[in-house]
$ cat query-v7.cif   # mmCIF, N, CA and C atoms
data_input
loop_
_atom_site.label_atom_id
_atom_site.label_comp_id
_atom_site.auth_asym_id
_atom_site.auth_seq_id
_atom_site.Cartn_x
_atom_site.Cartn_y
_atom_site.Cartn_z
N MET A 1 -159.30 -93.00 51.80
CA MET A 1 -159.09 -91.66 51.28
C MET A 1 -160.41 -90.92 51.28
N ARG A 2 -160.45 -89.77 51.85
CA ARG A 2 -161.66 -88.96 51.93
C ARG A 2 -161.66 -87.93 50.81
N GLN A 3 -162.77 -87.26 50.71
CA GLN A 3 -162.91 -86.23 49.67
C GLN A 3 -161.89 -85.13 49.93
N VAL A 4 -161.22 -84.72 48.89
CA VAL A 4 -160.15 -83.73 49.01
C VAL A 4 -160.48 -82.53 48.15
N GLU A 5 -160.25 -81.36 48.66
CA GLU A 5 -160.43 -80.15 47.87
C GLU A 5 -159.11 -79.42 47.79
N ARG A 6 -158.80 -78.93 46.62
CA ARG A 6 -157.58 -78.16 46.42
C ARG A 6 -157.95 -76.87 45.71
N ALA A 7 -157.40 -75.79 46.17
CA ALA A 7 -157.64 -74.50 45.51
C ALA A 7 -156.48 -74.21 44.57
N CYS A 8 -156.80 -73.88 43.38
CA CYS A 8 -155.78 -73.53 42.38
C CYS A 8 -155.57 -72.02 42.45
N LYS A 9 -154.42 -71.61 42.95
CA LYS A 9 -154.16 -70.18 43.17
C LYS A 9 -154.05 -69.40 41.86
N ARG A 10 -153.56 -70.04 40.84
CA ARG A 10 -153.31 -69.34 39.60
C ARG A 10 -154.60 -68.78 38.98
N ASN A 11 -155.65 -69.58 38.94
CA ASN A 11 -156.88 -69.10 38.31
C ASN A 11 -158.07 -69.09 39.27
N HIS A 12 -157.82 -69.25 40.56
CA HIS A 12 -158.83 -69.15 41.61
C HIS A 12 -159.98 -70.13 41.41
N MET A 13 -159.68 -71.29 40.87
CA MET A 13 -160.70 -72.32 40.69
C MET A 13 -160.58 -73.33 41.83
N LYS A 14 -161.70 -73.91 42.19
CA LYS A 14 -161.70 -74.96 43.18
C LYS A 14 -161.85 -76.28 42.44
N ILE A 15 -160.93 -77.19 42.67
CA ILE A 15 -160.97 -78.50 42.04
C ILE A 15 -161.32 -79.51 43.12
N GLU A 16 -162.35 -80.31 42.87
CA GLU A 16 -162.79 -81.28 43.86
C GLU A 16 -162.46 -82.68 43.36
N LEU A 17 -161.68 -83.41 44.14
CA LEU A 17 -161.33 -84.78 43.81
C LEU A 17 -162.13 -85.69 44.73
N LYS A 18 -162.80 -86.68 44.16
CA LYS A 18 -163.59 -87.60 44.96
C LYS A 18 -162.88 -88.94 45.05
N ALA A 19 -162.98 -89.54 46.21
CA ALA A 19 -162.36 -90.84 46.44
C ALA A 19 -163.16 -91.92 45.70
N ALA A 20 -162.46 -92.93 45.24
CA ALA A 20 -163.13 -94.07 44.61
C ALA A 20 -163.93 -94.82 45.67
N PRO A 21 -165.09 -95.35 45.32
CA PRO A 21 -165.91 -96.04 46.32
C PRO A 21 -165.29 -97.37 46.75
N ASP A 22 -165.54 -97.70 48.01
CA ASP A 22 -165.12 -98.99 48.56
C ASP A 22 -166.23 -100.02 48.42
N VAL A 23 -167.48 -99.54 48.46
CA VAL A 23 -168.63 -100.44 48.44
C VAL A 23 -169.69 -99.86 47.51
N LEU A 24 -170.23 -100.71 46.64
CA LEU A 24 -171.34 -100.33 45.79
C LEU A 24 -172.61 -100.85 46.45
N VAL A 25 -173.57 -99.96 46.72
CA VAL A 25 -174.82 -100.33 47.38
C VAL A 25 -175.95 -100.18 46.38
N ARG A 26 -176.76 -101.25 46.24
CA ARG A 26 -177.89 -101.22 45.31
C ARG A 26 -179.16 -101.64 46.01
N ASN A 27 -180.21 -100.87 45.80
CA ASN A 27 -181.54 -101.23 46.30
C ASN A 27 -182.19 -102.08 45.22
N GLU A 28 -182.41 -103.34 45.52
CA GLU A 28 -183.00 -104.26 44.54
C GLU A 28 -184.47 -104.54 44.83
N GLY A 29 -185.12 -103.62 45.53
CA GLY A 29 -186.55 -103.79 45.81
C GLY A 29 -186.80 -104.44 47.16
N THR A 30 -186.63 -105.75 47.25
CA THR A 30 -186.89 -106.44 48.51
C THR A 30 -185.66 -106.53 49.40
N VAL A 31 -184.47 -106.35 48.81
CA VAL A 31 -183.22 -106.40 49.57
C VAL A 31 -182.25 -105.37 49.02
N PHE A 32 -181.20 -105.08 49.81
CA PHE A 32 -180.08 -104.27 49.35
C PHE A 32 -178.91 -105.19 49.09
N LEU A 33 -178.11 -104.86 48.08
CA LEU A 33 -176.88 -105.58 47.81
C LEU A 33 -175.70 -104.66 48.12
N PHE A 34 -174.77 -105.13 48.92
CA PHE A 34 -173.55 -104.41 49.27
C PHE A 34 -172.40 -105.16 48.61
N CYS A 35 -171.85 -104.57 47.57
CA CYS A 35 -170.77 -105.21 46.81
C CYS A 35 -169.43 -104.56 47.17
N PRO A 36 -168.57 -105.26 47.90
CA PRO A 36 -167.26 -104.68 48.24
C PRO A 36 -166.39 -104.57 46.99
N LEU A 37 -165.82 -103.38 46.79
CA LEU A 37 -164.99 -103.13 45.62
C LEU A 37 -163.51 -103.09 45.95
N THR A 38 -163.18 -103.03 47.23
CA THR A 38 -161.78 -102.97 47.65
C THR A 38 -161.51 -104.07 48.69
N PRO A 39 -160.26 -104.48 48.81
CA PRO A 39 -159.93 -105.47 49.85
C PRO A 39 -160.29 -104.96 51.25
N ARG A 40 -160.12 -103.68 51.48
CA ARG A 40 -160.46 -103.10 52.80
C ARG A 40 -161.94 -103.28 53.11
N ALA A 41 -162.80 -103.07 52.11
CA ALA A 41 -164.25 -103.24 52.32
C ALA A 41 -164.59 -104.70 52.60
N LYS A 42 -163.96 -105.62 51.88
CA LYS A 42 -164.21 -107.05 52.11
C LYS A 42 -163.76 -107.46 53.50
N GLU A 43 -162.62 -106.95 53.93
CA GLU A 43 -162.13 -107.25 55.28
C GLU A 43 -163.09 -106.71 56.34
N TRP A 44 -163.62 -105.50 56.11
CA TRP A 44 -164.56 -104.90 57.06
C TRP A 44 -165.81 -105.78 57.17
N ILE A 45 -166.33 -106.21 56.04
CA ILE A 45 -167.52 -107.06 56.05
C ILE A 45 -167.22 -108.37 56.78
N ASP A 46 -166.09 -108.98 56.50
CA ASP A 46 -165.72 -110.23 57.15
C ASP A 46 -165.64 -110.08 58.66
N GLU A 47 -165.18 -108.93 59.13
CA GLU A 47 -165.03 -108.69 60.57
C GLU A 47 -166.33 -108.30 61.27
N HIS A 48 -167.26 -107.65 60.55
CA HIS A 48 -168.44 -107.07 61.19
C HIS A 48 -169.77 -107.72 60.84
N VAL A 49 -169.79 -108.65 59.92
CA VAL A 49 -171.03 -109.30 59.49
C VAL A 49 -170.94 -110.78 59.85
N GLN A 50 -172.07 -111.34 60.28
CA GLN A 50 -172.10 -112.74 60.67
C GLN A 50 -171.58 -113.64 59.55
N SER A 51 -170.94 -114.73 59.96
CA SER A 51 -170.34 -115.64 58.98
C SER A 51 -171.38 -116.38 58.14
N ASP A 52 -172.62 -116.48 58.62
CA ASP A 52 -173.65 -117.18 57.86
C ASP A 52 -174.50 -116.22 57.01
N ALA A 53 -173.98 -115.03 56.75
CA ALA A 53 -174.70 -114.03 55.94
C ALA A 53 -174.94 -114.57 54.53
N GLN A 54 -175.98 -114.06 53.90
CA GLN A 54 -176.34 -114.48 52.55
C GLN A 54 -175.57 -113.67 51.52
N TRP A 55 -174.97 -114.34 50.55
CA TRP A 55 -174.24 -113.69 49.47
C TRP A 55 -174.89 -114.03 48.14
N PHE A 56 -174.90 -113.08 47.24
CA PHE A 56 -175.36 -113.29 45.86
C PHE A 56 -174.19 -112.93 44.97
N GLY A 57 -173.44 -113.94 44.54
CA GLY A 57 -172.19 -113.68 43.83
C GLY A 57 -171.21 -113.03 44.79
N ASN A 58 -170.71 -111.85 44.44
CA ASN A 58 -169.78 -111.11 45.30
C ASN A 58 -170.48 -110.09 46.18
N ALA A 59 -171.80 -110.04 46.16
CA ALA A 59 -172.54 -109.02 46.90
C ALA A 59 -173.20 -109.60 48.15
N LEU A 60 -173.08 -108.87 49.23
CA LEU A 60 -173.75 -109.23 50.48
C LEU A 60 -175.22 -108.83 50.37
N VAL A 61 -176.12 -109.76 50.67
CA VAL A 61 -177.56 -109.51 50.61
C VAL A 61 -178.02 -109.05 51.99
N VAL A 62 -178.70 -107.90 52.04
CA VAL A 62 -179.09 -107.31 53.33
C VAL A 62 -180.56 -106.90 53.28
N GLU A 63 -181.31 -107.30 54.31
CA GLU A 63 -182.71 -106.88 54.41
C GLU A 63 -182.77 -105.38 54.65
N HIS A 64 -183.87 -104.77 54.22
CA HIS A 64 -184.06 -103.33 54.35
C HIS A 64 -183.83 -102.85 55.79
N ARG A 65 -184.34 -103.59 56.75
CA ARG A 65 -184.27 -103.12 58.15
C ARG A 65 -182.84 -103.05 58.68
N TYR A 66 -181.89 -103.74 58.03
CA TYR A 66 -180.50 -103.71 58.48
C TYR A 66 -179.59 -102.86 57.59
N ALA A 67 -180.05 -102.48 56.43
CA ALA A 67 -179.20 -101.80 55.45
C ALA A 67 -178.68 -100.46 55.96
N TRP A 68 -179.54 -99.65 56.57
CA TRP A 68 -179.13 -98.32 57.03
C TRP A 68 -178.03 -98.44 58.09
N GLY A 69 -178.22 -99.32 59.06
CA GLY A 69 -177.22 -99.51 60.11
C GLY A 69 -175.89 -100.01 59.56
N LEU A 70 -175.96 -100.92 58.60
CA LEU A 70 -174.74 -101.43 57.98
C LEU A 70 -174.00 -100.32 57.24
N ALA A 71 -174.74 -99.53 56.48
CA ALA A 71 -174.14 -98.42 55.74
C ALA A 71 -173.52 -97.40 56.69
N GLU A 72 -174.21 -97.08 57.77
CA GLU A 72 -173.67 -96.14 58.76
C GLU A 72 -172.39 -96.67 59.39
N GLY A 73 -172.36 -97.96 59.71
CA GLY A 73 -171.16 -98.56 60.29
C GLY A 73 -169.99 -98.49 59.33
N MET A 74 -170.26 -98.73 58.07
CA MET A 74 -169.19 -98.63 57.06
C MET A 74 -168.69 -97.20 56.94
N LYS A 75 -169.60 -96.24 56.90
CA LYS A 75 -169.20 -94.84 56.78
C LYS A 75 -168.44 -94.37 58.02
N ASP A 76 -168.84 -94.87 59.18
CA ASP A 76 -168.13 -94.51 60.42
C ASP A 76 -166.67 -94.97 60.38
N GLU A 77 -166.40 -96.03 59.64
CA GLU A 77 -165.04 -96.54 59.49
C GLU A 77 -164.33 -95.96 58.26
N ALA A 78 -164.90 -94.90 57.70
CA ALA A 78 -164.32 -94.16 56.57
C ALA A 78 -164.34 -94.92 55.25
N LEU A 79 -165.23 -95.91 55.13
CA LEU A 79 -165.42 -96.56 53.84
C LEU A 79 -166.30 -95.64 52.99
N VAL A 80 -166.02 -95.58 51.71
CA VAL A 80 -166.78 -94.73 50.80
C VAL A 80 -167.82 -95.59 50.09
N LEU A 81 -169.09 -95.21 50.21
CA LEU A 81 -170.19 -95.95 49.59
C LEU A 81 -170.69 -95.21 48.35
N ALA A 82 -171.10 -95.97 47.37
CA ALA A 82 -171.68 -95.39 46.16
C ALA A 82 -172.93 -96.15 45.80
#
$ encode --input "query-v7.cif" --output "structure tokens"
Amino acid sequence: MRQVERACKRNHMKIELKAAPDVLVRNEGTVFLFCPLTPRAKEWIDEHVQSDAQWFGNALVVEHRYAWGLAEGMKDEALVLA
């Protein structure tokens, strides 16, 4: 689900509804953590990330040099990152 805007004709207000995030991304200093919040995000990671990837609990651990490309790939597939 992408960001949706609806115009309210009665009072001419614009109401903006934001989609819930699929992935929570955190910069932890030396690495980024990508925590899938939806089954769709977990499936995407399973399909596009090497099987020997490092996990910290439910979060995928990603080096800085790969984080931007991973985030772009997720966004290209319409996953919502927060």
$ atom_distance --input "query-v7.cif" --atom1 "CA of Glu72 (chain A)" --atom2 "atom C of Leu24 (chain A)"
13.2 Å
$ residues_around --input "query-v7.cif" --residues "Asn58 (chain A)" --least-positions-apart "4" --cutoff "10 Å" --atoms "only C-alpha atoms" --output "VMD selection string"
chain A and resid 33 to 37 42
$ resolve_selection --input "query-v7.cif" --expression "the PyMOL selection byres (((chain A and resi 49 and name CA) around 12) and name CA)" --output "ChimeraX atom specification"
/A:34,41-48,50-55,60-62,66-67,69-71,73-74
$ atom_distance --input "query-v7.cif" --atom1 "CA of Thr38 (chain A)" --atom2 "CA of Val23 (chain A)"
7.3 Å
$ atom_distance --input "query-v7.cif" --atom1 "CA of Arg40 (chain A)" --atom2 "atom N of Leu79 (chain A)"
8.9 Å
